[in-house]
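Reproduced below: my_file-v4.cif, with mmCIF, N, CA and C atoms.
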data_final
loop_
_atom_site.label_atom_id
_atom_site.label_comp_id
_atom_site.auth_asym_id
_atom_site.auth_seq_id
_atom_site.Cartn_x
_atom_site.Cartn_y
_atom_site.Cartn_z
N MET A 1 -1.38 -20.10 -10.51
CA MET A 1 -2.78 -20.03 -10.16
C MET A 1 -2.95 -19.54 -8.71
N PHE A 2 -2.13 -20.11 -7.81
CA PHE A 2 -2.22 -19.71 -6.42
C PHE A 2 -1.88 -18.23 -6.26
N GLY A 3 -0.96 -17.74 -7.06
CA GLY A 3 -0.57 -16.33 -6.99
C GLY A 3 -1.71 -15.40 -7.34
N TYR A 4 -2.50 -15.76 -8.35
CA TYR A 4 -3.64 -14.94 -8.75
C TYR A 4 -4.72 -14.92 -7.66
N VAL A 5 -4.97 -16.08 -7.10
CA VAL A 5 -5.97 -16.18 -6.04
C VAL A 5 -5.53 -15.36 -4.83
N PHE A 6 -4.27 -15.49 -4.47
CA PHE A 6 -3.75 -14.71 -3.34
C PHE A 6 -3.82 -13.22 -3.64
N LEU A 7 -3.52 -12.82 -4.86
CA LEU A 7 -3.59 -11.41 -5.24
C LEU A 7 -5.01 -10.87 -5.12
N VAL A 8 -5.98 -11.63 -5.56
CA VAL A 8 -7.38 -11.20 -5.46
C VAL A 8 -7.79 -11.07 -4.00
N LEU A 9 -7.44 -12.04 -3.18
CA LEU A 9 -7.77 -11.96 -1.75
C LEU A 9 -7.08 -10.77 -1.09
N ALA A 10 -5.84 -10.53 -1.44
CA ALA A 10 -5.11 -9.40 -0.87
C ALA A 10 -5.73 -8.07 -1.30
N LEU A 11 -6.15 -7.95 -2.55
CA LEU A 11 -6.78 -6.71 -3.02
C LEU A 11 -8.12 -6.48 -2.33
N MET A 12 -8.88 -7.54 -2.11
CA MET A 12 -10.15 -7.40 -1.40
C MET A 12 -9.91 -6.95 0.04
N ALA A 13 -8.91 -7.51 0.69
CA ALA A 13 -8.59 -7.11 2.06
C ALA A 13 -8.13 -5.66 2.10
N LEU A 14 -7.32 -5.25 1.16
CA LEU A 14 -6.85 -3.86 1.12
C LEU A 14 -8.00 -2.89 0.87
N ALA A 15 -8.95 -3.26 0.03
CA ALA A 15 -10.11 -2.39 -0.22
C ALA A 15 -10.92 -2.22 1.06
N SER A 16 -11.09 -3.27 1.81
CA SER A 16 -11.83 -3.19 3.06
C SER A 16 -11.08 -2.34 4.09
N ILE A 17 -9.79 -2.54 4.21
CA ILE A 17 -8.98 -1.78 5.17
C ILE A 17 -8.98 -0.30 4.80
N TYR A 18 -8.80 0.00 3.53
CA TYR A 18 -8.77 1.39 3.08
C TYR A 18 -10.12 2.07 3.34
N SER A 19 -11.21 1.39 3.04
CA SER A 19 -12.54 1.98 3.25
C SER A 19 -12.79 2.25 4.73
N THR A 20 -12.42 1.31 5.58
CA THR A 20 -12.60 1.50 7.02
C THR A 20 -11.73 2.65 7.52
N LEU A 21 -10.52 2.74 7.03
CA LEU A 21 -9.63 3.83 7.44
C LEU A 21 -10.19 5.18 7.03
N VAL A 22 -10.71 5.29 5.81
CA VAL A 22 -11.29 6.55 5.35
C VAL A 22 -12.50 6.93 6.21
N MET A 23 -13.33 5.94 6.54
CA MET A 23 -14.50 6.24 7.37
C MET A 23 -14.08 6.74 8.74
N ARG A 24 -13.09 6.09 9.35
CA ARG A 24 -12.64 6.51 10.68
C ARG A 24 -12.05 7.92 10.65
N ILE A 25 -11.27 8.22 9.63
CA ILE A 25 -10.67 9.57 9.52
C ILE A 25 -11.75 10.62 9.36
N ARG A 26 -12.76 10.35 8.53
CA ARG A 26 -13.82 11.34 8.32
C ARG A 26 -14.67 11.51 9.57
N LEU A 27 -14.87 10.42 10.35
CA LEU A 27 -15.62 10.54 11.60
C LEU A 27 -14.85 11.37 12.62
N VAL A 28 -13.53 11.16 12.69
CA VAL A 28 -12.71 11.94 13.62
C VAL A 28 -12.77 13.42 13.27
N LYS A 29 -12.76 13.74 11.99
CA LYS A 29 -12.80 15.15 11.57
C LYS A 29 -14.15 15.80 11.86
N ARG A 30 -15.23 15.01 11.84
CA ARG A 30 -16.56 15.57 12.05
C ARG A 30 -16.92 15.72 13.52
N LEU A 31 -16.27 14.97 14.40
CA LEU A 31 -16.62 14.98 15.82
C LEU A 31 -15.80 16.01 16.57
N PRO A 32 -16.27 16.40 17.74
CA PRO A 32 -15.46 17.30 18.57
C PRO A 32 -14.14 16.64 18.96
N LEU A 33 -13.16 17.45 19.30
CA LEU A 33 -11.83 16.93 19.59
C LEU A 33 -11.80 15.96 20.75
N GLY A 34 -12.64 16.12 21.75
CA GLY A 34 -12.62 15.23 22.91
C GLY A 34 -13.07 13.82 22.60
N ASP A 35 -13.93 13.64 21.61
CA ASP A 35 -14.49 12.32 21.31
C ASP A 35 -13.86 11.69 20.08
N GLY A 36 -12.98 12.36 19.42
CA GLY A 36 -12.44 11.89 18.14
C GLY A 36 -11.62 10.63 18.22
N LEU A 37 -10.79 10.48 19.23
CA LEU A 37 -9.91 9.32 19.31
C LEU A 37 -10.65 8.03 19.61
N SER A 38 -11.86 8.11 20.14
CA SER A 38 -12.57 6.89 20.47
C SER A 38 -12.99 6.11 19.23
N TRP A 39 -13.07 6.73 18.08
CA TRP A 39 -13.45 6.02 16.86
C TRP A 39 -12.38 5.03 16.42
N TRP A 40 -11.15 5.22 16.84
CA TRP A 40 -10.08 4.30 16.46
C TRP A 40 -10.15 2.99 17.24
N MET A 41 -10.89 3.00 18.37
CA MET A 41 -10.99 1.80 19.20
C MET A 41 -12.33 1.08 19.03
N ARG A 42 -13.21 1.58 18.23
CA ARG A 42 -14.53 0.96 18.05
C ARG A 42 -14.51 -0.06 16.92
N SER A 43 -15.52 -0.91 16.93
CA SER A 43 -15.60 -1.96 15.92
C SER A 43 -15.98 -1.37 14.56
N SER A 44 -15.74 -2.13 13.54
CA SER A 44 -16.03 -1.69 12.19
C SER A 44 -17.53 -1.51 11.98
N ASP A 45 -18.35 -2.32 12.63
CA ASP A 45 -19.80 -2.18 12.51
C ASP A 45 -20.29 -0.87 13.11
N GLU A 46 -19.76 -0.51 14.27
CA GLU A 46 -20.13 0.76 14.90
C GLU A 46 -19.71 1.94 14.03
N VAL A 47 -18.52 1.85 13.50
CA VAL A 47 -18.02 2.92 12.64
C VAL A 47 -18.89 3.04 11.39
N GLY A 48 -19.27 1.91 10.82
CA GLY A 48 -20.13 1.92 9.63
C GLY A 48 -21.49 2.52 9.89
N ARG A 49 -22.09 2.18 11.04
CA ARG A 49 -23.41 2.74 11.38
C ARG A 49 -23.32 4.25 11.61
N ALA A 50 -22.31 4.68 12.35
CA ALA A 50 -22.14 6.11 12.61
C ALA A 50 -21.85 6.87 11.32
N TYR A 51 -21.04 6.28 10.46
CA TYR A 51 -20.71 6.93 9.20
C TYR A 51 -21.95 7.04 8.31
N GLN A 52 -22.76 5.99 8.31
CA GLN A 52 -23.99 6.01 7.51
C GLN A 52 -24.96 7.08 8.03
N ASP A 53 -24.98 7.31 9.34
CA ASP A 53 -25.83 8.35 9.90
C ASP A 53 -25.34 9.75 9.53
N LEU A 54 -24.02 9.95 9.56
CA LEU A 54 -23.47 11.27 9.23
C LEU A 54 -23.45 11.55 7.73
N PHE A 55 -23.19 10.51 6.94
CA PHE A 55 -23.10 10.66 5.49
C PHE A 55 -24.07 9.66 4.84
N PRO A 56 -25.36 9.99 4.77
CA PRO A 56 -26.35 9.01 4.32
C PRO A 56 -26.19 8.54 2.87
N GLY A 57 -25.62 9.32 2.02
CA GLY A 57 -25.49 8.92 0.61
C GLY A 57 -24.21 8.18 0.29
N SER A 58 -23.39 7.90 1.27
CA SER A 58 -22.08 7.30 1.02
C SER A 58 -22.18 5.79 0.78
N TYR A 59 -21.28 5.28 0.00
CA TYR A 59 -21.25 3.86 -0.33
C TYR A 59 -20.16 3.11 0.44
N LEU A 60 -19.34 3.78 1.22
CA LEU A 60 -18.23 3.14 1.91
C LEU A 60 -18.65 2.04 2.90
N PRO A 61 -19.70 2.24 3.73
CA PRO A 61 -20.09 1.13 4.61
C PRO A 61 -20.52 -0.12 3.84
N SER A 62 -21.15 0.09 2.71
CA SER A 62 -21.57 -1.06 1.88
C SER A 62 -20.36 -1.79 1.31
N ILE A 63 -19.34 -1.05 0.91
CA ILE A 63 -18.14 -1.67 0.36
C ILE A 63 -17.48 -2.56 1.41
N VAL A 64 -17.36 -2.05 2.63
CA VAL A 64 -16.72 -2.83 3.69
C VAL A 64 -17.49 -4.12 3.94
N ARG A 65 -18.81 -4.01 4.00
CA ARG A 65 -19.64 -5.20 4.26
C ARG A 65 -19.55 -6.21 3.13
N TYR A 66 -19.67 -5.76 1.89
CA TYR A 66 -19.64 -6.67 0.74
C TYR A 66 -18.27 -7.31 0.57
N VAL A 67 -17.22 -6.54 0.74
CA VAL A 67 -15.87 -7.09 0.60
C VAL A 67 -15.61 -8.14 1.67
N PHE A 68 -16.10 -7.90 2.89
CA PHE A 68 -15.92 -8.89 3.95
C PHE A 68 -16.58 -10.22 3.58
N TRP A 69 -17.82 -10.18 3.12
CA TRP A 69 -18.51 -11.42 2.77
C TRP A 69 -17.93 -12.06 1.52
N MET A 70 -17.48 -11.26 0.56
CA MET A 70 -16.83 -11.82 -0.63
C MET A 70 -15.52 -12.50 -0.25
N PHE A 71 -14.79 -11.90 0.67
CA PHE A 71 -13.53 -12.48 1.13
C PHE A 71 -13.79 -13.83 1.81
N LEU A 72 -14.80 -13.89 2.67
CA LEU A 72 -15.12 -15.15 3.33
C LEU A 72 -15.58 -16.21 2.33
N ALA A 73 -16.39 -15.82 1.37
CA ALA A 73 -16.87 -16.77 0.37
C ALA A 73 -15.71 -17.28 -0.49
N ALA A 74 -14.81 -16.40 -0.89
CA ALA A 74 -13.67 -16.82 -1.69
C ALA A 74 -12.74 -17.74 -0.91
N ALA A 75 -12.51 -17.41 0.36
CA ALA A 75 -11.66 -18.26 1.19
C ALA A 75 -12.30 -19.64 1.40
N ALA A 76 -13.62 -19.67 1.60
CA ALA A 76 -14.31 -20.96 1.76
C ALA A 76 -14.25 -21.77 0.47
N ALA A 77 -14.43 -21.12 -0.66
CA ALA A 77 -14.36 -21.82 -1.94
C ALA A 77 -12.96 -22.39 -2.17
N ILE A 78 -11.94 -21.64 -1.82
CA ILE A 78 -10.57 -22.12 -1.97
C ILE A 78 -10.32 -23.30 -1.06
N ALA A 79 -10.81 -23.23 0.18
CA ALA A 79 -10.63 -24.35 1.12
C ALA A 79 -11.33 -25.60 0.61
N ILE A 80 -12.52 -25.45 0.05
CA ILE A 80 -13.24 -26.61 -0.50
C ILE A 80 -12.50 -27.18 -1.69
N LEU A 81 -12.01 -26.33 -2.57
CA LEU A 81 -11.27 -26.82 -3.75
C LEU A 81 -9.98 -27.54 -3.33
N ILE A 82 -9.31 -27.03 -2.33
CA ILE A 82 -8.08 -27.70 -1.86
C ILE A 82 -8.43 -29.05 -1.25
N ALA A 83 -9.51 -29.11 -0.48
CA ALA A 83 -9.92 -30.38 0.12
C ALA A 83 -10.34 -31.39 -0.95
N LEU A 84 -11.05 -30.95 -1.97
CA LEU A 84 -11.45 -31.84 -3.05
C LEU A 84 -10.25 -32.33 -3.85
N ARG A 85 -9.30 -31.44 -4.05
CA ARG A 85 -8.10 -31.80 -4.83
C ARG A 85 -7.27 -32.85 -4.09
N LYS A 86 -7.18 -32.73 -2.77
CA LYS A 86 -6.39 -33.70 -1.99
C LYS A 86 -7.09 -35.04 -1.91
N SER A 87 -8.42 -35.06 -1.95
CA SER A 87 -9.15 -36.31 -1.84
C SER A 87 -9.11 -37.13 -3.13
N VAL A 88 -8.81 -36.51 -4.24
CA VAL A 88 -8.77 -37.23 -5.53
C VAL A 88 -7.45 -37.89 -5.76
#

Now, as a test, write the supplied structure out as structure tokens.
Amino acid sequence: MFGYVFLVLALMALASIYSTLVMRIRLVKRLPLGDGLSWWMRSSDEVGRAYQDLFPGSYLPSIVRYVFWMFLAAAAAIAILIALRKSV
């Protein structure tokens, strides 16, 4: 059971990392060469806003946001279940 839960959490984290990486690469390609490297040092929120401005129809910023909150909710649910299991 723990293996399945860990696998789901790991897949959610990988989806978020992959989406952020794709957004950063596409931003670097769209910007002039002098400003391209700065996108690797910016926060994920800044990258998401800039990506949404350059590519308005894209779903990648939404994926990163939703996966982050789903990951937190799943981790909180697991922590609550572990705490309840130990108290019984």

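Proximity ranking of A:Met70, A:Arg30, A:Thr20, A:Ala77 relative to Glu46 in chain A places A:Thr20 first, based on only C-alpha atoms.
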
**OP:** Please identify all polymer residues within 12 Å of Val22 in chain A, counting only C-alpha atoms, omitting same-chain residues fewer than 6 positions from it, and present them as a ChimeraX atom specification.
**Re:** /A:15-16,28-29,39-40,44,47-48,51,58-61,63-64

Selected residues written out with N, CA and C atoms, as a JSON list (two decimals), in the frame of the given file:
[["chain", "number", "residue", "atom", "x", "y", "z"],
["A", 15, "ALA", "N", -8.95, -3.26, 0.03],
["A", 15, "ALA", "CA", -10.11, -2.39, -0.22],
["A", 15, "ALA", "C", -10.92, -2.22, 1.06],
["A", 16, "SER", "N", -11.09, -3.27, 1.81],
["A", 16, "SER", "CA", -11.83, -3.19, 3.06],
["A", 16, "SER", "C", -11.08, -2.34, 4.09],
["A", 28, "VAL", "N", -13.53, 11.16, 12.69],
["A", 28, "VAL", "CA", -12.71, 11.94, 13.62],
["A", 28, "VAL", "C", -12.77, 13.42, 13.27],
["A", 29, "LYS", "N", -12.76, 13.74, 11.99],
["A", 29, "LYS", "CA", -12.80, 15.15, 11.57],
["A", 29, "LYS", "C", -14.15, 15.80, 11.86],
["A", 39, "TRP", "N", -13.07, 6.73, 18.08],
["A", 39, "TRP", "CA", -13.45, 6.02, 16.86],
["A", 39, "TRP", "C", -12.38, 5.03, 16.42],
["A", 40, "TRP", "N", -11.15, 5.22, 16.84],
["A", 40, "TRP", "CA", -10.08, 4.30, 16.46],
["A", 40, "TRP", "C", -10.15, 2.99, 17.24],
["A", 44, "SER", "N", -15.74, -2.13, 13.54],
["A", 44, "SER", "CA", -16.03, -1.69, 12.19],
["A", 44, "SER", "C", -17.53, -1.51, 11.98],
["A", 47, "VAL", "N", -18.52, 1.85, 13.50],
["A", 47, "VAL", "CA", -18.02, 2.92, 12.64],
["A", 47, "VAL", "C", -18.89, 3.04, 11.39],
["A", 48, "GLY", "N", -19.27, 1.91, 10.82],
["A", 48, "GLY", "CA", -20.13, 1.92, 9.63],
["A", 48, "GLY", "C", -21.49, 2.52, 9.89],
["A", 51, "TYR", "N", -21.04, 6.28, 10.46],
["A", 51, "TYR", "CA", -20.71, 6.93, 9.20],
["A", 51, "TYR", "C", -21.95, 7.04, 8.31],
["A", 58, "SER", "N", -23.39, 7.90, 1.27],
["A", 58, "SER", "CA", -22.08, 7.30, 1.02],
["A", 58, "SER", "C", -22.18, 5.79, 0.78],
["A", 59, "TYR", "N", -21.28, 5.28, 0.00],
["A", 59, "TYR", "CA", -21.25, 3.86, -0.33],
["A", 59, "TYR", "C", -20.16, 3.11, 0.44],
["A", 60, "LEU", "N", -19.34, 3.78, 1.22],
["A", 60, "LEU", "CA", -18.23, 3.14, 1.91],
["A", 60, "LEU", "C", -18.65, 2.04, 2.90],
["A", 61, "PRO", "N", -19.70, 2.24, 3.73],
["A", 61, "PRO", "CA", -20.09, 1.13, 4.61],
["A", 61, "PRO", "C", -20.52, -0.12, 3.84],
["A", 63, "ILE", "N", -19.34, -1.05, 0.91],
["A", 63, "ILE", "CA", -18.14, -1.67, 0.36],
["A", 63, "ILE", "C", -17.48, -2.56, 1.41],
["A", 64, "VAL", "N", -17.36, -2.05, 2.63],
["A", 64, "VAL", "CA", -16.72, -2.83, 3.69],
["A", 64, "VAL", "C", -17.49, -4.12, 3.94]]

**OP:** Find the spatial neighbours of range 7-9 of chain A, counting only N, CA and C atoms, within a cut-off of 8 Å - ignore same-chain residues fewer than 4 positions away - and output them as a count of residues only.
**Re:** 10

Mind working out the centre and edge lengths of an axis-aligned box for range 54-73 of chain A, all listed atoms inside, 5 Å added to each side, rounded to one decimal in Å and written as lines of an AutoDock Vina configuration file?
center_x = -19.9
center_y = -2.9
center_z = 4.5
size_x = 22.8
size_y = 38.8
size_z = 20.2

Subject >> Minimum-distance residue to Ile25 in chain A, chosen among A:Ser38, A:Lys86, A:Val67, A:Ala10 (using only C-alpha atoms) >> reply: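 Between A:Ser38, A:Lys86, A:Val67, A:Ala10, the residue approaching Ile25 in chain A most closely is A:Ser38.
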
Write down as a PDB file with N, CA and C atoms, in the coordinates of the input the residues belonging to range 3-52 of chain A that are assigned alpha helix (DSSP H) by DSSP computed on the backbone.
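For reference, out.pdb as written:
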ATOM      1  N   GLY A   3      -0.960 -17.740  -7.060  1.00  0.00           N
ATOM      2  CA  GLY A   3      -0.570 -16.330  -6.990  1.00  0.00           C
ATOM      3  C   GLY A   3      -1.710 -15.400  -7.340  1.00  0.00           C
ATOM      4  N   TYR A   4      -2.500 -15.760  -8.350  1.00  0.00           N
ATOM      5  CA  TYR A   4      -3.640 -14.940  -8.750  1.00  0.00           C
ATOM      6  C   TYR A   4      -4.720 -14.920  -7.660  1.00  0.00           C
ATOM      7  N   VAL A   5      -4.970 -16.080  -7.100  1.00  0.00           N
ATOM      8  CA  VAL A   5      -5.970 -16.180  -6.040  1.00  0.00           C
ATOM      9  C   VAL A   5      -5.530 -15.360  -4.830  1.00  0.00           C
ATOM     10  N   PHE A   6      -4.270 -15.490  -4.470  1.00  0.00           N
ATOM     11  CA  PHE A   6      -3.750 -14.710  -3.340  1.00  0.00           C
ATOM     12  C   PHE A   6      -3.820 -13.220  -3.640  1.00  0.00           C
ATOM     13  N   LEU A   7      -3.520 -12.820  -4.860  1.00  0.00           N
ATOM     14  CA  LEU A   7      -3.590 -11.410  -5.240  1.00  0.00           C
ATOM     15  C   LEU A   7      -5.010 -10.870  -5.120  1.00  0.00           C
ATOM     16  N   VAL A   8      -5.980 -11.630  -5.560  1.00  0.00           N
ATOM     17  CA  VAL A   8      -7.380 -11.200  -5.460  1.00  0.00           C
ATOM     18  C   VAL A   8      -7.790 -11.070  -4.000  1.00  0.00           C
ATOM     19  N   LEU A   9      -7.440 -12.040  -3.180  1.00  0.00           N
ATOM     20  CA  LEU A   9      -7.770 -11.960  -1.750  1.00  0.00           C
ATOM     21  C   LEU A   9      -7.080 -10.770  -1.090  1.00  0.00           C
ATOM     22  N   ALA A  10      -5.840 -10.530  -1.440  1.00  0.00           N
ATOM     23  CA  ALA A  10      -5.110  -9.400  -0.870  1.00  0.00           C
ATOM     24  C   ALA A  10      -5.730  -8.070  -1.300  1.00  0.00           C
ATOM     25  N   LEU A  11      -6.150  -7.950  -2.550  1.00  0.00           N
ATOM     26  CA  LEU A  11      -6.780  -6.710  -3.020  1.00  0.00           C
ATOM     27  C   LEU A  11      -8.120  -6.480  -2.330  1.00  0.00           C
ATOM     28  N   MET A  12      -8.880  -7.540  -2.110  1.00  0.00           N
ATOM     29  CA  MET A  12     -10.150  -7.400  -1.400  1.00  0.00           C
ATOM     30  C   MET A  12      -9.910  -6.950   0.040  1.00  0.00           C
ATOM     31  N   ALA A  13      -8.910  -7.510   0.690  1.00  0.00           N
ATOM     32  CA  ALA A  13      -8.590  -7.110   2.060  1.00  0.00           C
ATOM     33  C   ALA A  13      -8.130  -5.660   2.100  1.00  0.00           C
ATOM     34  N   LEU A  14      -7.320  -5.250   1.160  1.00  0.00           N
ATOM     35  CA  LEU A  14      -6.850  -3.860   1.120  1.00  0.00           C
ATOM     36  C   LEU A  14      -8.000  -2.890   0.870  1.00  0.00           C
ATOM     37  N   ALA A  15      -8.950  -3.260   0.030  1.00  0.00           N
ATOM     38  CA  ALA A  15     -10.110  -2.390  -0.220  1.00  0.00           C
ATOM     39  C   ALA A  15     -10.920  -2.220   1.060  1.00  0.00           C
ATOM     40  N   SER A  16     -11.090  -3.270   1.810  1.00  0.00           N
ATOM     41  CA  SER A  16     -11.830  -3.190   3.060  1.00  0.00           C
ATOM     42  C   SER A  16     -11.080  -2.340   4.090  1.00  0.00           C
ATOM     43  N   ILE A  17      -9.790  -2.540   4.210  1.00  0.00           N
ATOM     44  CA  ILE A  17      -8.980  -1.780   5.170  1.00  0.00           C
ATOM     45  C   ILE A  17      -8.980  -0.300   4.800  1.00  0.00           C
ATOM     46  N   TYR A  18      -8.800   0.000   3.530  1.00  0.00           N
ATOM     47  CA  TYR A  18      -8.770   1.390   3.080  1.00  0.00           C
ATOM     48  C   TYR A  18     -10.120   2.070   3.340  1.00  0.00           C
ATOM     49  N   SER A  19     -11.210   1.390   3.040  1.00  0.00           N
ATOM     50  CA  SER A  19     -12.540   1.980   3.250  1.00  0.00           C
ATOM     51  C   SER A  19     -12.790   2.250   4.730  1.00  0.00           C
ATOM     52  N   THR A  20     -12.420   1.310   5.580  1.00  0.00           N
ATOM     53  CA  THR A  20     -12.600   1.500   7.020  1.00  0.00           C
ATOM     54  C   THR A  20     -11.730   2.650   7.520  1.00  0.00           C
ATOM     55  N   LEU A  21     -10.520   2.740   7.030  1.00  0.00           N
ATOM     56  CA  LEU A  21      -9.630   3.830   7.440  1.00  0.00           C
ATOM     57  C   LEU A  21     -10.190   5.180   7.030  1.00  0.00           C
ATOM     58  N   VAL A  22     -10.710   5.290   5.810  1.00  0.00           N
ATOM     59  CA  VAL A  22     -11.290   6.550   5.350  1.00  0.00           C
ATOM     60  C   VAL A  22     -12.500   6.930   6.210  1.00  0.00           C
ATOM     61  N   MET A  23     -13.330   5.940   6.540  1.00  0.00           N
ATOM     62  CA  MET A  23     -14.500   6.240   7.370  1.00  0.00           C
ATOM     63  C   MET A  23     -14.080   6.740   8.740  1.00  0.00           C
ATOM     64  N   ARG A  24     -13.090   6.090   9.350  1.00  0.00           N
ATOM     65  CA  ARG A  24     -12.640   6.510  10.680  1.00  0.00           C
ATOM     66  C   ARG A  24     -12.050   7.920  10.650  1.00  0.00           C
ATOM     67  N   ILE A  25     -11.270   8.220   9.630  1.00  0.00           N
ATOM     68  CA  ILE A  25     -10.670   9.570   9.520  1.00  0.00           C
ATOM     69  C   ILE A  25     -11.750  10.620   9.360  1.00  0.00           C
ATOM     70  N   ARG A  26     -12.760  10.350   8.530  1.00  0.00           N
ATOM     71  CA  ARG A  26     -13.820  11.340   8.320  1.00  0.00           C
ATOM     72  C   ARG A  26     -14.670  11.510   9.570  1.00  0.00           C
ATOM     73  N   LEU A  27     -14.870  10.420  10.350  1.00  0.00           N
ATOM     74  CA  LEU A  27     -15.620  10.540  11.600  1.00  0.00           C
ATOM     75  C   LEU A  27     -14.850  11.370  12.620  1.00  0.00           C
ATOM     76  N   VAL A  28     -13.530  11.160  12.690  1.00  0.00           N
ATOM     77  CA  VAL A  28     -12.710  11.940  13.620  1.00  0.00           C
ATOM     78  C   VAL A  28     -12.770  13.420  13.270  1.00  0.00           C
ATOM     79  N   LYS A  29     -12.760  13.740  11.990  1.00  0.00           N
ATOM     80  CA  LYS A  29     -12.800  15.150  11.570  1.00  0.00           C
ATOM     81  C   LYS A  29     -14.150  15.800  11.860  1.00  0.00           C
ATOM     82  N   ARG A  30     -15.230  15.010  11.840  1.00  0.00           N
ATOM     83  CA  ARG A  30     -16.560  15.570  12.050  1.00  0.00           C
ATOM     84  C   ARG A  30     -16.920  15.720  13.520  1.00  0.00           C
ATOM     85  N   SER A  44     -15.740  -2.130  13.540  1.00  0.00           N
ATOM     86  CA  SER A  44     -16.030  -1.690  12.190  1.00  0.00           C
ATOM     87  C   SER A  44     -17.530  -1.510  11.980  1.00  0.00           C
ATOM     88  N   ASP A  45     -18.350  -2.320  12.630  1.00  0.00           N
ATOM     89  CA  ASP A  45     -19.800  -2.180  12.510  1.00  0.00           C
ATOM     90  C   ASP A  45     -20.290  -0.870  13.110  1.00  0.00           C
ATOM     91  N   GLU A  46     -19.760  -0.510  14.270  1.00  0.00           N
ATOM     92  CA  GLU A  46     -20.130   0.760  14.900  1.00  0.00           C
ATOM     93  C   GLU A  46     -19.710   1.940  14.030  1.00  0.00           C
ATOM     94  N   VAL A  47     -18.520   1.850  13.500  1.00  0.00           N
ATOM     95  CA  VAL A  47     -18.020   2.920  12.640  1.00  0.00           C
ATOM     96  C   VAL A  47     -18.890   3.040  11.390  1.00  0.00           C
ATOM     97  N   GLY A  48     -19.270   1.910  10.820  1.00  0.00           N
ATOM     98  CA  GLY A  48     -20.130   1.920   9.630  1.00  0.00           C
ATOM     99  C   GLY A  48     -21.490   2.520   9.890  1.00  0.00           C
ATOM    100  N   ARG A  49     -22.090   2.180  11.040  1.00  0.00           N
ATOM    101  CA  ARG A  49     -23.410   2.740  11.380  1.00  0.00           C
ATOM    102  C   ARG A  49     -23.320   4.250  11.610  1.00  0.00           C
ATOM    103  N   ALA A  50     -22.310   4.680  12.350  1.00  0.00           N
ATOM    104  CA  ALA A  50     -22.140   6.110  12.610  1.00  0.00           C
ATOM    105  C   ALA A  50     -21.850   6.870  11.320  1.00  0.00           C
ATOM    106  N   TYR A  51     -21.040   6.280  10.460  1.00  0.00           N
ATOM    107  CA  TYR A  51     -20.710   6.930   9.200  1.00  0.00           C
ATOM    108  C   TYR A  51     -21.950   7.040   8.310  1.00  0.00           C
ATOM    109  N   GLN A  52     -22.760   5.990   8.310  1.00  0.00           N
ATOM    110  CA  GLN A  52     -23.990   6.010   7.510  1.00  0.00           C
ATOM    111  C   GLN A  52     -24.960   7.080   8.030  1.00  0.00           C
TER     112      GLN A  52
END

**OP:** Please indicate the distance in Å from CA of Leu72 in chain A to CA of Ser87 in chain A, rounded to one decimal place.
**Re:**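 Between these atoms lies a distance of 22.6 Å.
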
Original post:
So what do you get for CA of Phe6 in chain A versus CA of Ala79 in chain A, distance-wise?
Top reply: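 So the two atoms, CA of Phe6 in chain A and CA of Ala79 in chain A, lie 12.7 Å apart.
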
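Put simply, CA of Pro32 in chain A is 18.1 Å away from CA of Arg49 in chain A.
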